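Peer 1: Handing over input.txt, compact mmCIF, N, CA and C atoms.
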```
# COMPACT_ATOMS: atom_id res chain seq x y z
N MET A 1 -16.70 -2.12 -16.46
CA MET A 1 -16.31 -1.57 -15.17
C MET A 1 -14.80 -1.67 -14.99
N GLU A 2 -14.24 -0.67 -14.39
CA GLU A 2 -12.80 -0.65 -14.12
C GLU A 2 -12.45 -1.76 -13.13
N THR A 3 -11.42 -2.55 -13.44
CA THR A 3 -11.02 -3.63 -12.55
C THR A 3 -9.66 -3.37 -11.89
N THR A 4 -8.99 -2.31 -12.33
CA THR A 4 -7.72 -1.93 -11.74
C THR A 4 -7.73 -0.43 -11.43
N VAL A 5 -7.18 -0.08 -10.30
CA VAL A 5 -7.04 1.32 -9.91
C VAL A 5 -5.55 1.58 -9.73
N ALA A 6 -5.04 2.61 -10.37
CA ALA A 6 -3.65 3.04 -10.19
C ALA A 6 -3.67 4.54 -9.96
N GLN A 7 -2.93 4.98 -8.97
CA GLN A 7 -2.94 6.39 -8.61
C GLN A 7 -1.55 6.81 -8.14
N PRO A 8 -1.00 7.87 -8.72
CA PRO A 8 0.27 8.39 -8.20
C PRO A 8 0.10 8.81 -6.74
N ALA A 9 1.13 8.60 -5.97
CA ALA A 9 1.09 8.95 -4.55
C ALA A 9 2.21 9.95 -4.26
N HIS A 10 1.88 10.96 -3.52
CA HIS A 10 2.86 11.99 -3.17
C HIS A 10 3.49 11.66 -1.82
N ALA A 11 4.37 10.67 -1.84
CA ALA A 11 5.04 10.22 -0.61
C ALA A 11 6.21 11.14 -0.30
N ARG A 12 6.48 11.24 0.99
CA ARG A 12 7.65 11.97 1.46
C ARG A 12 8.37 11.08 2.47
N LEU A 13 9.62 10.76 2.17
CA LEU A 13 10.44 9.96 3.06
C LEU A 13 10.91 10.84 4.21
N VAL A 14 10.65 10.41 5.44
CA VAL A 14 11.11 11.16 6.61
C VAL A 14 12.52 10.69 6.90
N ALA A 15 13.47 11.60 6.73
CA ALA A 15 14.89 11.30 6.91
C ALA A 15 15.37 11.86 8.24
N ALA A 16 16.67 11.74 8.48
CA ALA A 16 17.27 12.23 9.73
C ALA A 16 16.93 13.69 9.95
N GLY A 17 16.71 14.04 11.18
CA GLY A 17 16.40 15.42 11.55
C GLY A 17 15.02 15.86 11.08
N ASP A 18 14.13 14.91 10.88
CA ASP A 18 12.77 15.18 10.39
C ASP A 18 12.76 15.88 9.04
N HIS A 19 13.82 15.72 8.28
CA HIS A 19 13.89 16.24 6.91
C HIS A 19 13.03 15.33 6.04
N GLU A 20 12.23 15.91 5.15
CA GLU A 20 11.36 15.12 4.28
C GLU A 20 11.84 15.22 2.83
N VAL A 21 11.93 14.06 2.18
CA VAL A 21 12.40 13.97 0.81
C VAL A 21 11.27 13.39 -0.05
N PRO A 22 10.87 14.10 -1.12
CA PRO A 22 9.82 13.55 -2.00
C PRO A 22 10.26 12.23 -2.62
N VAL A 23 9.33 11.28 -2.66
CA VAL A 23 9.60 9.96 -3.22
C VAL A 23 8.46 9.61 -4.17
N PRO A 24 8.76 9.35 -5.45
CA PRO A 24 7.69 8.96 -6.36
C PRO A 24 7.18 7.57 -6.01
N ALA A 25 5.88 7.41 -6.07
CA ALA A 25 5.27 6.11 -5.77
C ALA A 25 3.93 6.03 -6.49
N THR A 26 3.44 4.82 -6.65
CA THR A 26 2.14 4.59 -7.24
C THR A 26 1.39 3.58 -6.40
N LEU A 27 0.15 3.89 -6.08
CA LEU A 27 -0.74 2.95 -5.40
C LEU A 27 -1.51 2.19 -6.46
N ARG A 28 -1.62 0.86 -6.30
CA ARG A 28 -2.36 0.04 -7.25
C ARG A 28 -3.29 -0.92 -6.52
N TYR A 29 -4.38 -1.22 -7.18
CA TYR A 29 -5.34 -2.20 -6.69
C TYR A 29 -5.93 -2.90 -7.89
N THR A 30 -6.16 -4.20 -7.77
CA THR A 30 -6.76 -4.95 -8.87
C THR A 30 -7.81 -5.91 -8.34
N ALA A 31 -8.88 -6.07 -9.08
CA ALA A 31 -9.94 -6.99 -8.69
C ALA A 31 -9.44 -8.43 -8.68
N ASP A 32 -8.36 -8.72 -9.40
CA ASP A 32 -7.79 -10.07 -9.42
C ASP A 32 -7.15 -10.45 -8.08
N ASP A 33 -6.78 -9.46 -7.29
CA ASP A 33 -6.19 -9.69 -5.96
C ASP A 33 -6.89 -8.74 -5.00
N PRO A 34 -8.17 -8.99 -4.71
CA PRO A 34 -9.03 -8.00 -4.06
C PRO A 34 -8.72 -7.69 -2.61
N LEU A 35 -7.87 -8.47 -1.97
CA LEU A 35 -7.55 -8.20 -0.57
C LEU A 35 -6.30 -7.33 -0.42
N ALA A 36 -5.59 -7.10 -1.52
CA ALA A 36 -4.28 -6.46 -1.45
C ALA A 36 -4.24 -5.07 -2.07
N VAL A 37 -3.32 -4.28 -1.55
CA VAL A 37 -2.96 -2.98 -2.11
C VAL A 37 -1.47 -3.08 -2.45
N TYR A 38 -1.09 -2.54 -3.59
CA TYR A 38 0.30 -2.53 -4.03
C TYR A 38 0.82 -1.10 -3.97
N LEU A 39 2.02 -0.95 -3.44
CA LEU A 39 2.68 0.34 -3.40
C LEU A 39 3.99 0.19 -4.18
N ASP A 40 4.03 0.78 -5.37
CA ASP A 40 5.18 0.64 -6.27
C ASP A 40 6.11 1.85 -6.17
N PHE A 41 7.40 1.54 -6.10
CA PHE A 41 8.43 2.58 -6.14
C PHE A 41 9.29 2.34 -7.37
N PRO A 42 9.54 3.37 -8.18
CA PRO A 42 10.39 3.18 -9.36
C PRO A 42 11.85 2.98 -8.95
N ALA A 43 12.64 2.50 -9.89
CA ALA A 43 14.05 2.18 -9.61
C ALA A 43 14.80 3.37 -9.00
N GLU A 44 14.52 4.57 -9.48
CA GLU A 44 15.28 5.73 -8.97
C GLU A 44 14.95 6.06 -7.52
N ALA A 45 13.87 5.50 -7.00
CA ALA A 45 13.50 5.76 -5.61
C ALA A 45 13.88 4.61 -4.68
N ALA A 46 14.42 3.53 -5.23
CA ALA A 46 14.72 2.34 -4.45
C ALA A 46 16.19 2.27 -4.06
N LEU A 47 16.44 1.59 -2.99
CA LEU A 47 17.78 1.49 -2.42
C LEU A 47 18.78 0.86 -3.39
N HIS A 48 18.39 -0.19 -4.09
CA HIS A 48 19.33 -0.92 -4.95
C HIS A 48 19.12 -0.64 -6.44
N GLY A 49 18.39 0.42 -6.77
CA GLY A 49 18.23 0.80 -8.16
C GLY A 49 17.32 -0.10 -8.96
N GLU A 50 16.47 -0.86 -8.30
CA GLU A 50 15.49 -1.71 -8.97
C GLU A 50 14.10 -1.37 -8.45
N GLU A 51 13.10 -1.50 -9.31
CA GLU A 51 11.73 -1.25 -8.87
C GLU A 51 11.41 -2.11 -7.65
N VAL A 52 10.64 -1.54 -6.75
CA VAL A 52 10.24 -2.25 -5.54
C VAL A 52 8.74 -2.12 -5.37
N THR A 53 8.09 -3.22 -5.01
CA THR A 53 6.65 -3.20 -4.74
C THR A 53 6.41 -3.77 -3.35
N TRP A 54 5.68 -3.02 -2.56
CA TRP A 54 5.22 -3.50 -1.26
C TRP A 54 3.76 -3.90 -1.42
N ILE A 55 3.39 -5.03 -0.84
CA ILE A 55 2.03 -5.52 -0.92
C ILE A 55 1.52 -5.68 0.51
N PHE A 56 0.35 -5.11 0.77
CA PHE A 56 -0.24 -5.25 2.10
C PHE A 56 -1.75 -5.24 1.97
N ALA A 57 -2.42 -5.59 3.04
CA ALA A 57 -3.87 -5.74 3.03
C ALA A 57 -4.59 -4.40 2.84
N ARG A 58 -5.59 -4.42 1.99
CA ARG A 58 -6.43 -3.23 1.82
C ARG A 58 -7.07 -2.85 3.14
N SER A 59 -7.45 -3.85 3.93
CA SER A 59 -8.06 -3.57 5.24
C SER A 59 -7.08 -2.87 6.18
N LEU A 60 -5.78 -3.15 6.04
CA LEU A 60 -4.77 -2.47 6.85
C LEU A 60 -4.73 -0.99 6.52
N LEU A 61 -4.77 -0.66 5.24
CA LEU A 61 -4.79 0.75 4.84
C LEU A 61 -6.05 1.42 5.38
N ASP A 62 -7.18 0.77 5.23
CA ASP A 62 -8.44 1.31 5.72
C ASP A 62 -8.38 1.58 7.22
N GLU A 63 -7.91 0.60 7.97
CA GLU A 63 -7.82 0.75 9.43
C GLU A 63 -6.81 1.82 9.82
N GLY A 64 -5.67 1.83 9.14
CA GLY A 64 -4.59 2.76 9.48
C GLY A 64 -4.91 4.22 9.20
N LEU A 65 -5.91 4.49 8.38
CA LEU A 65 -6.30 5.88 8.14
C LEU A 65 -7.00 6.48 9.36
N GLY A 66 -7.52 5.62 10.24
CA GLY A 66 -8.25 6.12 11.40
C GLY A 66 -7.55 5.92 12.72
N ALA A 67 -6.67 4.92 12.80
CA ALA A 67 -5.99 4.60 14.06
C ALA A 67 -4.74 3.78 13.73
N PRO A 68 -3.78 3.73 14.66
CA PRO A 68 -2.59 2.91 14.39
C PRO A 68 -2.98 1.47 14.07
N ALA A 69 -2.35 0.91 13.04
CA ALA A 69 -2.69 -0.44 12.60
C ALA A 69 -1.44 -1.13 12.07
N GLY A 70 -1.44 -2.44 12.17
CA GLY A 70 -0.38 -3.25 11.59
C GLY A 70 0.65 -3.71 12.60
N GLN A 71 1.30 -4.78 12.21
CA GLN A 71 2.40 -5.36 12.96
C GLN A 71 3.39 -5.88 11.93
N GLY A 72 4.60 -6.07 12.34
CA GLY A 72 5.55 -6.65 11.40
C GLY A 72 6.07 -5.65 10.39
N ASP A 73 6.02 -6.02 9.11
CA ASP A 73 6.69 -5.25 8.06
C ASP A 73 6.00 -3.95 7.68
N VAL A 74 4.68 -3.86 7.85
CA VAL A 74 3.95 -2.66 7.45
C VAL A 74 3.08 -2.19 8.60
N ARG A 75 3.26 -0.92 8.94
CA ARG A 75 2.45 -0.29 9.99
C ARG A 75 1.96 1.05 9.45
N ILE A 76 0.74 1.41 9.80
CA ILE A 76 0.14 2.63 9.28
C ILE A 76 -0.57 3.35 10.42
N TRP A 77 -0.43 4.68 10.44
CA TRP A 77 -1.16 5.45 11.45
C TRP A 77 -1.38 6.88 10.97
N PRO A 78 -2.44 7.52 11.53
CA PRO A 78 -2.70 8.93 11.18
C PRO A 78 -1.58 9.82 11.72
N TYR A 79 -1.32 10.90 11.00
CA TYR A 79 -0.31 11.87 11.41
C TYR A 79 -0.93 13.26 11.29
N GLY A 80 -1.23 13.86 12.41
CA GLY A 80 -1.90 15.16 12.38
C GLY A 80 -3.29 15.02 11.78
N ARG A 81 -3.79 16.13 11.25
CA ARG A 81 -5.15 16.12 10.70
C ARG A 81 -5.21 15.68 9.25
N THR A 82 -4.08 15.79 8.53
CA THR A 82 -4.15 15.52 7.09
C THR A 82 -3.08 14.56 6.58
N GLY A 83 -2.37 13.91 7.48
CA GLY A 83 -1.30 13.01 7.05
C GLY A 83 -1.51 11.58 7.51
N THR A 84 -0.83 10.68 6.84
CA THR A 84 -0.81 9.27 7.22
C THR A 84 0.61 8.78 7.05
N VAL A 85 1.09 8.05 8.05
CA VAL A 85 2.44 7.50 8.00
C VAL A 85 2.38 6.02 7.66
N LEU A 86 3.23 5.59 6.74
CA LEU A 86 3.46 4.17 6.47
C LEU A 86 4.88 3.87 6.92
N GLU A 87 5.01 2.90 7.78
CA GLU A 87 6.32 2.46 8.26
C GLU A 87 6.59 1.11 7.63
N LEU A 88 7.65 1.03 6.85
CA LEU A 88 7.99 -0.18 6.11
C LEU A 88 9.30 -0.76 6.64
N HIS A 89 9.28 -2.05 6.98
CA HIS A 89 10.47 -2.73 7.50
C HIS A 89 10.91 -3.80 6.51
N SER A 90 12.20 -3.86 6.24
CA SER A 90 12.77 -4.90 5.38
C SER A 90 14.10 -5.32 5.98
N PRO A 91 14.73 -6.36 5.44
CA PRO A 91 16.06 -6.74 5.92
C PRO A 91 17.09 -5.63 5.72
N HIS A 92 16.80 -4.68 4.83
CA HIS A 92 17.74 -3.59 4.54
C HIS A 92 17.55 -2.39 5.45
N GLY A 93 16.48 -2.38 6.25
CA GLY A 93 16.24 -1.27 7.15
C GLY A 93 14.77 -0.91 7.22
N MET A 94 14.52 0.29 7.70
CA MET A 94 13.16 0.77 7.92
C MET A 94 13.00 2.13 7.24
N ALA A 95 11.81 2.38 6.72
CA ALA A 95 11.52 3.67 6.10
C ALA A 95 10.19 4.18 6.65
N LEU A 96 10.15 5.48 6.94
CA LEU A 96 8.92 6.16 7.32
C LEU A 96 8.52 7.05 6.15
N LEU A 97 7.31 6.82 5.65
CA LEU A 97 6.80 7.60 4.53
C LEU A 97 5.54 8.33 4.97
N LEU A 98 5.47 9.60 4.62
CA LEU A 98 4.32 10.42 4.96
C LEU A 98 3.51 10.67 3.69
N PHE A 99 2.21 10.38 3.76
CA PHE A 99 1.30 10.56 2.64
C PHE A 99 0.18 11.51 3.03
N PRO A 100 -0.34 12.26 2.07
CA PRO A 100 -1.56 13.04 2.35
C PRO A 100 -2.73 12.07 2.55
N ALA A 101 -3.36 12.14 3.70
CA ALA A 101 -4.48 11.24 4.00
C ALA A 101 -5.62 11.35 2.99
N PRO A 102 -5.99 12.56 2.52
CA PRO A 102 -7.07 12.63 1.54
C PRO A 102 -6.76 11.85 0.26
N GLU A 103 -5.50 11.82 -0.14
CA GLU A 103 -5.08 11.07 -1.33
C GLU A 103 -5.29 9.57 -1.11
N LEU A 104 -4.92 9.08 0.08
CA LEU A 104 -5.11 7.67 0.39
C LEU A 104 -6.58 7.31 0.50
N ARG A 105 -7.37 8.21 1.08
CA ARG A 105 -8.81 7.96 1.19
C ARG A 105 -9.47 7.90 -0.19
N CYS A 106 -9.07 8.77 -1.08
CA CYS A 106 -9.59 8.78 -2.44
C CYS A 106 -9.25 7.45 -3.13
N PHE A 107 -8.01 7.02 -3.01
CA PHE A 107 -7.60 5.74 -3.59
C PHE A 107 -8.43 4.60 -3.02
N LEU A 108 -8.55 4.57 -1.70
CA LEU A 108 -9.30 3.49 -1.05
C LEU A 108 -10.76 3.48 -1.49
N ARG A 109 -11.36 4.65 -1.58
CA ARG A 109 -12.75 4.75 -2.05
C ARG A 109 -12.89 4.17 -3.46
N ARG A 110 -11.92 4.47 -4.32
CA ARG A 110 -11.94 3.94 -5.69
C ARG A 110 -11.81 2.42 -5.70
N THR A 111 -11.02 1.86 -4.75
CA THR A 111 -10.89 0.39 -4.70
C THR A 111 -12.22 -0.25 -4.30
N TYR A 112 -12.95 0.40 -3.40
CA TYR A 112 -14.24 -0.15 -2.97
C TYR A 112 -15.30 -0.03 -4.07
N GLU A 113 -15.08 0.85 -5.03
CA GLU A 113 -15.97 0.92 -6.19
C GLU A 113 -15.73 -0.27 -7.12
N VAL A 114 -14.49 -0.78 -7.12
CA VAL A 114 -14.15 -1.94 -7.95
C VAL A 114 -14.63 -3.22 -7.28
N VAL A 115 -14.30 -3.39 -6.00
CA VAL A 115 -14.75 -4.55 -5.22
C VAL A 115 -15.17 -4.04 -3.85
N ALA A 116 -16.44 -4.16 -3.55
CA ALA A 116 -16.96 -3.69 -2.26
C ALA A 116 -16.35 -4.49 -1.11
N GLY A 117 -16.21 -3.84 0.04
CA GLY A 117 -15.74 -4.53 1.22
C GLY A 117 -16.66 -5.68 1.57
N GLY A 118 -16.10 -6.85 1.80
CA GLY A 118 -16.88 -8.03 2.11
C GLY A 118 -17.29 -8.82 0.88
N ALA A 119 -17.10 -8.26 -0.31
CA ALA A 119 -17.48 -8.94 -1.55
C ALA A 119 -16.28 -9.54 -2.26
N GLU A 120 -15.13 -9.56 -1.61
CA GLU A 120 -13.93 -10.10 -2.22
C GLU A 120 -14.09 -11.60 -2.45
N ASP A 121 -13.65 -12.09 -3.60
CA ASP A 121 -13.69 -13.51 -3.92
C ASP A 121 -12.43 -14.15 -3.34
N VAL A 122 -12.52 -14.57 -2.09
CA VAL A 122 -11.37 -15.11 -1.39
C VAL A 122 -10.98 -16.48 -1.95
N THR A 123 -11.92 -17.22 -2.48
CA THR A 123 -11.64 -18.55 -3.01
C THR A 123 -10.58 -18.48 -4.11
N ARG A 124 -10.73 -17.53 -5.05
CA ARG A 124 -9.74 -17.40 -6.14
C ARG A 124 -8.37 -17.04 -5.59
N VAL A 125 -8.34 -16.16 -4.59
CA VAL A 125 -7.07 -15.74 -4.00
C VAL A 125 -6.37 -16.94 -3.35
N VAL A 126 -7.12 -17.73 -2.60
CA VAL A 126 -6.55 -18.89 -1.93
C VAL A 126 -6.08 -19.92 -2.96
N GLU A 127 -6.89 -20.20 -3.97
CA GLU A 127 -6.49 -21.15 -5.01
C GLU A 127 -5.22 -20.72 -5.72
N ARG A 128 -5.12 -19.43 -6.04
CA ARG A 128 -3.92 -18.91 -6.71
C ARG A 128 -2.70 -19.03 -5.79
N GLY A 129 -2.88 -18.74 -4.52
CA GLY A 129 -1.78 -18.85 -3.56
C GLY A 129 -1.32 -20.28 -3.39
N LEU A 130 -2.26 -21.20 -3.27
CA LEU A 130 -1.90 -22.60 -3.13
C LEU A 130 -1.21 -23.13 -4.38
N SER A 131 -1.69 -22.70 -5.53
CA SER A 131 -1.07 -23.12 -6.78
C SER A 131 0.37 -22.63 -6.86
N ALA A 132 0.60 -21.39 -6.45
CA ALA A 132 1.96 -20.85 -6.46
C ALA A 132 2.84 -21.58 -5.44
N LEU A 133 2.26 -21.89 -4.31
CA LEU A 133 3.02 -22.55 -3.24
C LEU A 133 3.43 -23.96 -3.65
N PHE A 134 2.49 -24.71 -4.24
CA PHE A 134 2.76 -26.09 -4.56
C PHE A 134 3.19 -26.31 -6.01
N GLY A 135 3.24 -25.24 -6.79
CA GLY A 135 3.73 -25.32 -8.17
C GLY A 135 2.96 -26.29 -9.05
N GLY A 136 1.65 -26.34 -8.86
CA GLY A 136 0.82 -27.18 -9.71
C GLY A 136 0.93 -28.66 -9.41
N VAL A 137 1.43 -29.02 -8.23
CA VAL A 137 1.57 -30.43 -7.84
C VAL A 137 0.21 -31.06 -7.69
```
So, in terms of structure tokens, how does the structure I just supplied come out?
Peer 2:
Amino acid sequence: METTVAQPAHARLVAAGDHEVPVPATLRYTADDPLAVYLDFPAEAALHGEEVTWIFARSLLDEGLGAPAGQGDVRIWPYGRTGTVLELHSPHGMALLLFPAPELRCFLRRTYEVVAGGAEDVTRVVERGLSALFGGV
């Protein structure tokens, strides 16, 4: 069974004057980190010329496809009938990205085929996080 899902995403950065600029991105999900979704941007699409990965809850993406969701660094909401906006905040600024909602739904559906909602092994995630936090102490 597939344990990782990777899918190109057709993001469009909303710039000044509602101008939209295509931005290459990849959505990733792995059974090893079943609560998270990764959004990867290649170096040529990043502000400082280095690859950038945003990590946020799979449940946030799921919720944001139907209604405004999120607080803090990542916010997601529907845009019209076929779009979804991801608002990303960092110390360097804020970016609004527009994605085709059907593309995000397809990705999300594929993640639930890997690990069903509610079947995530949270114990492994917590153990890995604690190990990283305490450095094996």
Peer 1: Set the distance at 8 Å and use all atoms listed in the file: which residues neighbour segment 66-79 of chain A once local chain neighbours fewer than 2 positions away are removed? I'd like the list as a PDB file with N, CA and C atoms, in the frame of the given file.
Peer 2:
```
ATOM      1  N   ILE A  55       3.390  -5.030  -0.840  1.00  0.00           N
ATOM      2  CA  ILE A  55       2.030  -5.520  -0.920  1.00  0.00           C
ATOM      3  C   ILE A  55       1.520  -5.680   0.510  1.00  0.00           C
ATOM      4  N   PHE A  56       0.350  -5.110   0.770  1.00  0.00           N
ATOM      5  CA  PHE A  56      -0.240  -5.250   2.100  1.00  0.00           C
ATOM      6  C   PHE A  56      -1.750  -5.240   1.970  1.00  0.00           C
ATOM      7  N   LEU A  60      -5.780  -3.150   6.040  1.00  0.00           N
ATOM      8  CA  LEU A  60      -4.770  -2.470   6.850  1.00  0.00           C
ATOM      9  C   LEU A  60      -4.730  -0.990   6.520  1.00  0.00           C
ATOM     10  N   LEU A  61      -4.770  -0.660   5.240  1.00  0.00           N
ATOM     11  CA  LEU A  61      -4.790   0.750   4.840  1.00  0.00           C
ATOM     12  C   LEU A  61      -6.050   1.420   5.380  1.00  0.00           C
ATOM     13  N   ASP A  62      -7.180   0.770   5.230  1.00  0.00           N
ATOM     14  CA  ASP A  62      -8.440   1.310   5.720  1.00  0.00           C
ATOM     15  C   ASP A  62      -8.380   1.580   7.220  1.00  0.00           C
ATOM     16  N   GLU A  63      -7.910   0.600   7.970  1.00  0.00           N
ATOM     17  CA  GLU A  63      -7.820   0.750   9.430  1.00  0.00           C
ATOM     18  C   GLU A  63      -6.810   1.820   9.820  1.00  0.00           C
ATOM     19  N   GLY A  64      -5.670   1.830   9.140  1.00  0.00           N
ATOM     20  CA  GLY A  64      -4.590   2.760   9.480  1.00  0.00           C
ATOM     21  C   GLY A  64      -4.910   4.220   9.200  1.00  0.00           C
ATOM     22  N   ARG A  81      -3.790  16.130  11.250  1.00  0.00           N
ATOM     23  CA  ARG A  81      -5.150  16.120  10.700  1.00  0.00           C
ATOM     24  C   ARG A  81      -5.210  15.680   9.250  1.00  0.00           C
ATOM     25  N   THR A  82      -4.080  15.790   8.530  1.00  0.00           N
ATOM     26  CA  THR A  82      -4.150  15.520   7.090  1.00  0.00           C
ATOM     27  C   THR A  82      -3.080  14.560   6.580  1.00  0.00           C
ATOM     28  N   GLY A  83      -2.370  13.910   7.480  1.00  0.00           N
ATOM     29  CA  GLY A  83      -1.300  13.010   7.050  1.00  0.00           C
ATOM     30  C   GLY A  83      -1.510  11.580   7.510  1.00  0.00           C
ATOM     31  N   THR A  84      -0.830  10.680   6.840  1.00  0.00           N
ATOM     32  CA  THR A  84      -0.810   9.270   7.220  1.00  0.00           C
ATOM     33  C   THR A  84       0.610   8.780   7.050  1.00  0.00           C
ATOM     34  N   VAL A  85       1.090   8.050   8.050  1.00  0.00           N
ATOM     35  CA  VAL A  85       2.440   7.500   8.000  1.00  0.00           C
ATOM     36  C   VAL A  85       2.380   6.020   7.660  1.00  0.00           C
ATOM     37  N   LEU A  86       3.230   5.590   6.740  1.00  0.00           N
ATOM     38  CA  LEU A  86       3.460   4.170   6.470  1.00  0.00           C
ATOM     39  C   LEU A  86       4.880   3.870   6.920  1.00  0.00           C
ATOM     40  N   GLU A  87       5.010   2.900   7.780  1.00  0.00           N
ATOM     41  CA  GLU A  87       6.320   2.460   8.260  1.00  0.00           C
ATOM     42  C   GLU A  87       6.590   1.110   7.630  1.00  0.00           C
ATOM     43  N   LEU A  88       7.650   1.030   6.850  1.00  0.00           N
ATOM     44  CA  LEU A  88       7.990  -0.180   6.110  1.00  0.00           C
ATOM     45  C   LEU A  88       9.300  -0.760   6.640  1.00  0.00           C
ATOM     46  N   HIS A  89       9.280  -2.050   6.980  1.00  0.00           N
ATOM     47  CA  HIS A  89      10.470  -2.730   7.500  1.00  0.00           C
ATOM     48  C   HIS A  89      10.910  -3.800   6.510  1.00  0.00           C
ATOM     49  N   SER A  90      12.200  -3.860   6.240  1.00  0.00           N
ATOM     50  CA  SER A  90      12.770  -4.900   5.380  1.00  0.00           C
ATOM     51  C   SER A  90      14.100  -5.320   5.980  1.00  0.00           C
ATOM     52  N   ALA A 101      -3.360  12.140   3.700  1.00  0.00           N
ATOM     53  CA  ALA A 101      -4.480  11.240   4.000  1.00  0.00           C
ATOM     54  C   ALA A 101      -5.620  11.350   2.990  1.00  0.00           C
TER      55      ALA A 101
END
```
Peer 1: Between atom N of Pro100 of chain A and atom C of Ala6 of chain A, what is the distance in Å, rounded to a tenth?
Peer 2: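 Answer for the atom N of Pro100 of chain A to atom C of Ala6 of chain A separation: 14.7 Å.
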Peer 1: At what distance in Å, to one decimal, does atom CA of Phe134 of chain A lie from atom CA of Val115 of chain A?
Peer 2: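 Atom-to-atom, atom CA of Val115 of chain A to atom CA of Phe134 of chain A, that is 27.8 Å.
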Peer 1: Can you measure atom N of Leu104 of chain A to atom N of Phe41 of chain A for me? One decimal in Å is fine.
Peer 2: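 Going from atom N of Leu104 of chain A over to atom N of Phe41 of chain A, I get 15.7 Å.
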Peer 1: Would you please give, as a PyMOL selection string, all residues of chain A that DSSP assigns to alpha helix (DSSP H) based on the backbone?
Peer 2: chain A and resi 58-64+101-114+122-134
Peer 1: Applying 7 Å and only C-alpha atoms, which residues near Leu13 of chain A remain after dropping the ones on its own chain fewer than 5 positions away? List them as a list in words.
Peer 2: Glu20, Val21, Pro22, Val23, Leu96, Leu97 and Leu98 of chain A
Peer 1: Using DSSP on the backbone coordinates, identify all residues within segment 14-127 of chain A classified as strand (DSSP E); present the result as a ChimeraX atom specification.
Peer 2: /A:14,20-30,36-41,52-57,74-79,83-90,93-100
